[in-house]
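model03.tsv follows (TSV, C-alpha atoms and all ligand atoms):
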chain	number	residue	atom	x	y	z
X	1	MET	CA	4.92	-15.51	-47.23
X	2	ARG	CA	8.00	-17.47	-46.28
X	3	VAL	CA	7.82	-19.16	-42.89
X	4	THR	CA	10.75	-20.56	-40.92
X	5	LEU	CA	10.13	-23.42	-38.52
X	6	ARG	CA	12.67	-24.74	-36.01
X	7	VAL	CA	11.55	-28.16	-34.87
X	8	LYS	CA	13.02	-30.26	-32.07
X	9	ARG	CA	13.52	-33.78	-33.39
X	10	SER	CA	14.07	-37.03	-31.49
X	11	ASP	CA	14.42	-40.56	-32.77
X	12	ALA	CA	11.74	-43.07	-31.91
X	13	ALA	CA	14.14	-45.25	-29.95
X	14	GLY	CA	15.70	-42.30	-28.17
X	15	SER	CA	19.03	-43.69	-29.37
X	16	ALA	CA	20.46	-40.33	-30.47
X	17	PRO	CA	20.37	-36.97	-28.70
X	18	ALA	CA	17.61	-34.56	-29.74
X	19	ARG	CA	18.50	-32.16	-32.56
X	20	TRP	CA	17.01	-29.04	-34.13
X	21	ASP	CA	15.96	-29.02	-37.78
X	22	GLN	CA	15.06	-25.88	-39.67
X	23	PHE	CA	12.48	-25.81	-42.48
X	24	GLU	CA	11.26	-23.06	-44.80
X	25	VAL	CA	7.71	-23.29	-46.20
X	26	GLU	CA	5.37	-21.04	-48.16
X	27	ALA	CA	2.18	-20.16	-46.29
X	28	GLU	CA	-0.59	-17.58	-46.05
X	29	PRO	CA	-0.61	-15.39	-42.92
X	30	THR	CA	-3.94	-16.99	-42.03
X	31	ASP	CA	-2.59	-20.55	-42.30
X	32	ARG	CA	-2.05	-22.41	-39.04
X	33	VAL	CA	1.14	-23.87	-37.61
X	34	LEU	CA	-0.43	-27.26	-38.30
X	35	ASP	CA	-0.61	-26.42	-42.03
X	36	CYS	CA	3.11	-25.63	-42.01
X	37	LEU	CA	3.93	-28.91	-40.27
X	38	HIS	CA	1.93	-30.71	-42.94
X	39	ALA	CA	3.78	-28.81	-45.68
X	40	VAL	CA	7.05	-30.07	-44.19
X	41	GLN	CA	5.82	-33.64	-43.77
X	42	TRP	CA	4.21	-33.90	-47.21
X	43	TYR	CA	6.85	-32.13	-49.33
X	44	GLN	CA	10.15	-32.01	-47.46
X	45	ASP	CA	10.60	-34.63	-44.77
X	46	GLY	CA	8.12	-37.48	-44.49
X	47	THR	CA	9.76	-38.68	-41.28
X	48	LEU	CA	8.57	-35.67	-39.24
X	49	GLY	CA	6.37	-37.05	-36.45
X	50	PHE	CA	3.42	-35.17	-34.91
X	51	ARG	CA	-0.17	-35.94	-33.95
X	52	ARG	CA	-3.33	-34.37	-35.31
X	53	SER	CA	-6.86	-35.51	-35.91
X	54	CYS	CA	-9.72	-33.00	-36.18
X	55	GLY	CA	-7.67	-29.99	-37.32
X	56	HIS	CA	-10.19	-27.68	-35.64
X	57	GLY	CA	-9.41	-27.43	-31.93
X	58	VAL	CA	-11.74	-30.20	-30.85
X	59	CYS	CA	-9.79	-33.44	-30.42
X	60	GLY	CA	-6.82	-32.11	-28.43
X	61	SER	CA	-4.27	-34.29	-30.20
X	62	ASP	CA	-1.90	-31.62	-31.55
X	63	ALA	CA	-0.86	-29.86	-28.34
X	64	MET	CA	2.80	-28.88	-28.52
X	65	LEU	CA	5.15	-26.18	-27.34
X	66	ILE	CA	5.05	-23.30	-29.84
X	67	ASN	CA	7.46	-20.45	-29.13
X	68	GLY	CA	7.66	-21.59	-25.53
X	69	ARG	CA	3.92	-21.94	-24.84
X	70	ASN	CA	1.73	-25.00	-24.97
X	71	ARG	CA	-0.72	-24.45	-27.82
X	72	LEU	CA	-2.80	-26.47	-30.28
X	73	ALA	CA	-1.00	-26.27	-33.63
X	74	CYS	CA	-4.37	-26.15	-35.41
X	75	LYS	CA	-5.40	-22.99	-33.54
X	76	VAL	CA	-2.27	-20.87	-33.96
X	77	LEU	CA	-2.22	-18.61	-37.01
X	78	ILE	CA	1.12	-17.85	-38.63
X	79	GLN	CA	0.38	-14.11	-38.51
X	80	ASP	CA	0.09	-14.28	-34.73
X	81	VAL	CA	3.50	-15.77	-33.91
X	82	PRO	CA	6.96	-14.29	-34.41
X	83	GLN	CA	9.46	-16.15	-36.58
X	84	PRO	CA	11.30	-18.40	-36.52
X	85	ILE	CA	8.51	-20.50	-35.07
X	86	VAL	CA	10.13	-22.78	-32.52
X	87	ILE	CA	8.25	-26.03	-32.02
X	88	GLU	CA	8.95	-28.65	-29.34
X	89	PRO	CA	7.08	-31.57	-27.80
X	90	MET	CA	5.14	-30.90	-24.58
X	91	ARG	CA	7.40	-31.03	-21.51
X	92	GLY	CA	7.24	-33.72	-18.87
X	93	PHE	CA	6.04	-36.62	-21.03
X	94	ARG	CA	8.38	-39.17	-22.60
X	95	VAL	CA	9.01	-38.31	-26.23
X	96	LEU	CA	8.16	-41.15	-28.62
X	97	LYS	CA	9.25	-39.35	-31.76
X	98	ASP	CA	9.74	-35.67	-32.61
X	99	LEU	CA	6.53	-33.96	-31.39
X	100	VAL	CA	4.74	-37.18	-30.41
X	101	VAL	CA	4.71	-37.85	-26.67
X	102	ASP	CA	3.69	-40.89	-24.66
X	103	MET	CA	0.29	-40.11	-23.10
X	104	ASP	CA	-0.37	-43.52	-21.49
X	105	GLU	CA	0.28	-42.25	-17.94
X	106	PHE	CA	-1.79	-39.16	-18.61
X	107	PHE	CA	-4.81	-41.26	-19.60
X	108	ALA	CA	-4.21	-43.68	-16.70
X	109	LYS	CA	-4.61	-40.71	-14.33
X	110	TYR	CA	-7.70	-39.61	-16.22
X	111	ARG	CA	-9.21	-43.07	-15.70
X	112	ALA	CA	-8.13	-43.07	-12.03
X	113	VAL	CA	-10.54	-40.24	-11.15
X	114	LYS	CA	-13.48	-42.21	-12.56
X	115	PRO	CA	-14.53	-39.84	-15.35
X	116	TYR	CA	-18.08	-41.08	-15.69
X	117	LEU	CA	-21.39	-40.61	-13.90
X	118	ILE	CA	-21.72	-42.79	-10.80
X	119	ALA	CA	-25.33	-43.25	-9.75
X	120	ASP	CA	-26.43	-46.05	-7.43
X	121	GLU	CA	-30.12	-45.52	-7.83
X	122	PRO	CA	-31.87	-47.37	-10.64
X	123	ALA	CA	-32.07	-45.35	-13.84
X	124	PRO	CA	-35.30	-43.36	-14.17
X	125	GLU	CA	-37.65	-44.10	-17.03
X	126	ARG	CA	-36.41	-41.01	-18.82
X	127	GLU	CA	-33.30	-38.84	-18.26
X	128	ARG	CA	-31.87	-37.83	-14.85
X	129	LEU	CA	-33.14	-34.29	-14.45
X	130	GLN	CA	-31.03	-31.31	-13.50
X	131	ARG	CA	-31.81	-27.60	-13.09
X	132	PRO	CA	-29.95	-25.10	-15.31
X	133	GLN	CA	-28.23	-23.66	-12.19
X	134	GLU	CA	-27.00	-27.14	-11.24
X	135	ARG	CA	-25.64	-27.68	-14.76
X	136	GLU	CA	-23.96	-24.28	-14.62
X	137	ARG	CA	-21.96	-25.39	-11.55
X	138	PHE	CA	-19.61	-27.57	-13.61
X	139	ASP	CA	-20.09	-26.08	-17.08
X	140	ASP	CA	-16.50	-24.82	-17.36
X	141	THR	CA	-14.88	-28.18	-16.75
X	142	THR	CA	-17.08	-29.96	-19.34
X	143	LYS	CA	-15.07	-28.14	-22.02
X	144	CYS	CA	-11.89	-30.16	-21.48
X	145	ILE	CA	-10.57	-31.94	-24.59
X	146	LEU	CA	-7.78	-33.82	-22.76
X	147	CYS	CA	-4.99	-32.21	-24.74
X	148	GLY	CA	-2.51	-32.31	-21.83
X	149	ALA	CA	-1.42	-28.67	-22.24
X	150	CYS	CA	-2.22	-27.87	-18.59
X	151	THR	CA	-0.51	-30.86	-17.03
X	152	THR	CA	2.66	-30.46	-19.12
X	153	SER	CA	2.99	-26.77	-18.25
X	154	CYS	CA	2.80	-27.46	-14.51
X	155	PRO	CA	6.09	-27.27	-12.54
X	156	SER	CA	4.58	-29.41	-9.77
X	157	PHE	CA	4.03	-32.16	-12.35
X	158	TRP	CA	7.54	-31.76	-13.79
X	159	ALA	CA	8.91	-32.16	-10.25
X	160	ASN	CA	6.77	-35.17	-9.37
X	161	LYS	CA	5.36	-37.33	-12.13
X	162	GLU	CA	3.14	-39.14	-9.64
X	163	TYR	CA	1.02	-35.98	-9.29
X	164	LEU	CA	-2.39	-36.52	-10.88
X	165	GLY	CA	-2.02	-33.18	-12.63
X	166	PRO	CA	-4.48	-30.43	-13.57
X	167	ALA	CA	-6.23	-32.30	-16.40
X	168	ALA	CA	-7.27	-35.24	-14.20
X	169	ILE	CA	-8.49	-32.85	-11.49
X	170	VAL	CA	-10.53	-30.93	-14.08
X	171	GLN	CA	-12.16	-34.22	-15.07
X	172	ALA	CA	-12.87	-35.09	-11.44
X	173	HIS	CA	-14.36	-31.62	-10.89
X	174	ARG	CA	-16.73	-32.13	-13.78
X	175	PHE	CA	-18.36	-35.08	-11.96
X	176	ILE	CA	-17.90	-34.10	-8.31
X	177	PHE	CA	-19.98	-30.97	-8.81
X	178	ASP	CA	-22.62	-32.69	-10.94
X	179	SER	CA	-25.85	-32.86	-8.89
X	180	ARG	CA	-26.71	-36.25	-10.44
X	181	ASP	CA	-23.45	-37.93	-9.44
X	182	GLN	CA	-22.98	-40.06	-6.32
X	183	GLY	CA	-19.28	-40.84	-6.62
X	184	LYS	CA	-18.01	-37.89	-4.58
X	185	ALA	CA	-16.61	-40.03	-1.74
X	186	GLN	CA	-14.64	-42.27	-4.11
X	187	ARG	CA	-13.22	-39.41	-6.14
X	188	THR	CA	-12.34	-37.19	-3.19
X	189	ALA	CA	-10.44	-40.08	-1.59
X	190	ILE	CA	-8.28	-40.29	-4.72
X	191	LEU	CA	-7.84	-36.52	-4.91
X	192	ASN	CA	-6.86	-36.32	-1.24
X	193	ASP	CA	-4.02	-38.79	-1.76
X	194	LYS	CA	-0.42	-37.53	-1.55
X	195	SER	CA	-0.38	-37.40	-5.36
X	196	GLY	CA	-3.66	-35.51	-5.51
X	197	VAL	CA	-4.74	-31.87	-5.39
X	198	TRP	CA	-2.43	-30.83	-2.57
X	199	ARG	CA	0.53	-31.07	-4.95
X	200	CYS	CA	-0.91	-28.00	-6.70
X	201	ARG	CA	0.94	-24.82	-5.67
X	202	THR	CA	-1.47	-22.45	-7.47
X	203	ILE	CA	1.05	-21.41	-10.10
X	204	PHE	CA	-1.62	-20.66	-12.77
X	205	ASN	CA	0.44	-22.05	-15.70
X	206	CYS	CA	-2.39	-24.52	-16.33
X	207	THR	CA	-5.00	-21.80	-16.73
X	208	GLU	CA	-2.75	-19.87	-19.09
X	209	ALA	CA	-2.03	-22.97	-21.16
X	210	CYS	CA	-5.59	-24.24	-21.59
X	211	PRO	CA	-6.71	-23.81	-25.22
X	212	ARG	CA	-10.34	-24.12	-24.13
X	213	GLY	CA	-10.14	-21.17	-21.76
X	214	ILE	CA	-11.03	-23.30	-18.74
X	215	ASN	CA	-10.19	-21.68	-15.42
X	216	VAL	CA	-8.20	-24.73	-14.34
X	217	THR	CA	-6.69	-23.17	-11.22
X	218	LYS	CA	-10.15	-22.14	-10.01
X	219	ALA	CA	-11.46	-25.68	-10.54
X	220	ILE	CA	-8.55	-27.13	-8.56
X	221	GLY	CA	-9.19	-24.55	-5.82
X	222	GLU	CA	-12.84	-25.59	-5.63
X	223	VAL	CA	-11.84	-29.22	-5.19
X	224	LYS	CA	-9.39	-28.23	-2.42
X	225	LYS	CA	-12.08	-26.22	-0.66
X	226	LEU	CA	-14.49	-29.14	-0.86
X	227	LEU	CA	-11.91	-31.49	0.68
X	228	LEU	CA	-11.31	-29.05	3.53
X	229	LYS	CA	-15.07	-28.79	4.06
X	230	MET	CA	-15.21	-32.59	4.23
X	231	GLY	CA	-12.49	-32.52	6.89
X	232	ARG	CA	-9.80	-33.96	4.63
X	233	ARG	CA	-6.33	-32.56	4.31
X	234	GLY	CA	-3.65	-34.87	2.88
F	1	LIG	S1	-8.07	-28.54	-18.89
F	1	LIG	FE1	-7.60	-27.44	-20.83
F	1	LIG	S2	-5.37	-27.70	-21.08
F	1	LIG	FE2	-6.03	-29.22	-19.57
F	1	LIG	S3	-6.37	-31.09	-20.77
F	1	LIG	FE3	-8.36	-30.02	-20.59
F	1	LIG	S4	-8.47	-28.73	-22.44
F	1	LIG	FE4	-6.33	-29.38	-22.26
F	2	LIG	S1	-6.03	-31.40	-34.45
F	2	LIG	FE1	-7.70	-31.70	-33.09
F	2	LIG	S2	-7.40	-30.11	-31.64
F	2	LIG	FE2	-5.91	-29.68	-33.14

I need this file expressed as structure tokens, please.
Amino acid sequence: MRVTLRVKRSDAAGSAPARWDQFEVEAEPTDRVLDCLHAVQWYQDGTLGFRRSCGHGVCGSDAMLINGRNRLACKVLIQDVPQPIVIEPMRGFRVLKDLVVDMDEFFAKYRAVKPYLIADEPAPERERLQRPQERERFDDTTKCILCGACTTSCPSFWANKEYLGPAAIVQAHRFIFDSRDQGKAQRTAILNDKSGVWRCRTIFNCTEACPRGINVTKAIGEVKKLLLKMGRRG
């Protein structure tokens, strides 16, 4: 079948205004949007810029706006989207080139919530044990692949780029509710900051955008509840 793509293009230096380019490619209905982008890059316009790595919904590098929704290009089948397929970079991040956005700030916020196990006690001889019910408590937020789809679909983030954003809160949740972790006080202090969870207005865009099906809004709500329980409120 013939597929029409409309792609928002921007120069690396941002020297010229963004423009729309249209491409026609041959594809199977079961091909992915990522396959079509490759067909353009390999056979029509080698200057088209986009990120990808795994090609199978695991690395999170090819999140982009597809027909107005943040999606992973490697997970969207051509047969499931109306044409022309309109493709833009995620909103709210600086565009480096075409569909490639600057994610430095995004990963700085990820690092800010200390996304690793903090345990003061000496390591046991074998692993730190945990009951299945304790593991279940944060299972949902372990699924995050740091694609940025939630944060860049959040109006609170668009309005205030200082906001940590849903993805960083999801990462904090994963450790805060881990029975083996002892970094709750450090992380909740960061999350209670004026750029932390209270910027969330429970809009649910993040949950809708997440390609891993994580209930992001629920996770943020659980962090808010915990802060209230700890007597913290902004
Ligand atoms: S929570 Fe979902 S949308 Fe947000 S960064 Fe993680 S995987 Fe991507
Ligand atoms: S290329 Fe890795 S998630 Fe799509």

Notebook entry, point to check: Between X:Asp62, X:Asp80, X:Glu162, X:Glu125, which has the minimum distance to ligand LIG 1 (chain F) (counting all atoms listed in the file)?
Noted result: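 Looking only at the distances to ligand LIG 1 (chain F), the closest residue turns out to be X:Asp62.
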
Next item on the list: List all protein, DNA and RNA residues that have any atom at most 10 Å from ligand LIG 1 (chain F), counting only C-alpha atoms and all ligand atoms, and write the list as a PyMOL selection string.
Entry: chain X and resi 57-61+63+70-72+106+110+140-153+165-171+205-217+219

Exercise: X:Arg187 partners within 10 Å, all atoms listed in the file, chain neighbours under 2 positions left out, as a short mmCIF file (atom, residue, chain, number, x, y, z; two decimals) with C-alpha atoms, in the frame of the given file:
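Output contents, as saved in out_34.cif:
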data_model
loop_
_atom_site.label_atom_id
_atom_site.label_comp_id
_atom_site.auth_asym_id
_atom_site.auth_seq_id
_atom_site.Cartn_x
_atom_site.Cartn_y
_atom_site.Cartn_z
CA ALA X 112 -8.13 -43.07 -12.03
CA VAL X 113 -10.54 -40.24 -11.15
CA LYS X 114 -13.48 -42.21 -12.56
CA PRO X 115 -14.53 -39.84 -15.35
CA ILE X 169 -8.49 -32.85 -11.49
CA ALA X 172 -12.87 -35.09 -11.44
CA HIS X 173 -14.36 -31.62 -10.89
CA PHE X 175 -18.36 -35.08 -11.96
CA ILE X 176 -17.90 -34.10 -8.31
CA GLN X 182 -22.98 -40.06 -6.32
CA GLY X 183 -19.28 -40.84 -6.62
CA LYS X 184 -18.01 -37.89 -4.58
CA ALA X 185 -16.61 -40.03 -1.74
CA ALA X 189 -10.44 -40.08 -1.59
CA ILE X 190 -8.28 -40.29 -4.72
CA LEU X 191 -7.84 -36.52 -4.91
CA ASN X 192 -6.86 -36.32 -1.24
#

Next item on the list: Would you kindly return, as JSON, numbers by chain, each protein, DNA or RNA residue with an atom no farther than 9 Å from any atom of X:Val101, considering all atoms listed in the file and excluding same-chain residues fewer than 6 positions away?
Entry: {"X": [50, 51, 89, 90, 91, 93, 94, 95]}

Check: Could you pull the residues within 8 Å of X:Ala27, counting all atoms listed in the file, minus those fewer than 3 positions along the same chain, as a list in words?
Finding: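 So the residues in contact are Met1, Arg2, Val3, Asp31 and Cys36 of chain X.
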
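The shell of residues at most 7 Å from stretch 129-139 of chain X, with all atoms listed in the file counted and near chain neighbours (fewer than 2 positions) removed, consists of Glu127, Thr141, Thr142, Arg174, Phe177, Asp178 and Ser179 of chain X.
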
Next item on the list: Write out as a list in words which residues come within 10 Å of stretch 7-19 of chain X when counting all atoms listed in the file, dropping same-chain ones fewer than 6 positions away.
Entry: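 In the requested form, the answer reads Leu37, Thr47, Leu48, Gly49, Ile66, Pro84, Ile85, Val86, Ile87, Glu88, Pro89, Arg94, Val95, Leu96, Lys97, Asp98, Leu99 and Val100 of chain X.
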
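Nearest to X:Ile220 of all the residues X:Ala159, X:Leu164, X:Arg180, X:Phe23 is X:Leu164, based on only C-alpha atoms.
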
Using all atoms of ligand LIG 2 (chain F) listed in the file and a margin of 5 Å per side, can you give the axis-aligned box centre and edge lengths in Å to one decimal, as lines of an AutoDock Vina configuration file?
center_x = -6.8
center_y = -30.7
center_z = -33.0
size_x = 11.8
size_y = 12.0
size_z = 12.8

Check: Taking all atoms listed in the file into account, which of X:Glu222, X:Asp35, X:Asp181, X:Glu24 comes nearest ligand LIG 2 (chain F)?
Finding: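 Once distances to ligand LIG 2 (chain F) are computed over all atoms listed in the file, the minimum belongs to X:Asp35.
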
Checklist line | Selected residue of minimal separation from ligand LIG 2 (chain F) among X:Ala108, X:Cys74, X:Leu228, X:Ile118, counting all atoms listed in the file | finding: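 Using all atoms listed in the file, the shortest distance to ligand LIG 2 (chain F) belongs to X:Cys74.
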
Note to self: With distances taken over only C-alpha atoms and all ligand atoms, which residue among X:Ser53, X:Thr188, X:Thr30, X:Gln22 lies nearest ligand LIG 2 (chain F)?
What the structure shows: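 So, comparing all the options, the nearest one is X:Ser53.
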
Check: Quick one: of X:Val40, X:Leu227, X:Cys200, X:Ala73, who's nearest to X:Trp158, counting all atoms listed in the file?
Finding: X:Cys200

Check: atom CA of X:Arg52 and atom CA of X:Val25 are how many Å apart?
Finding: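 Here the two named atoms are 19.1 Å from each other.
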
Notebook entry, point to check: atom CA of X:Asp102 and atom CA of X:Gln83, how far apart in Å?
Noted result: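 Rounded to one decimal, the two atoms are 28.1 Å apart.
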
Item checked: Distance of atom S1 of ligand LIG 2 (chain F) from atom CA of X:Gly92, expressed in Å to one decimal place -> 20.6 Å
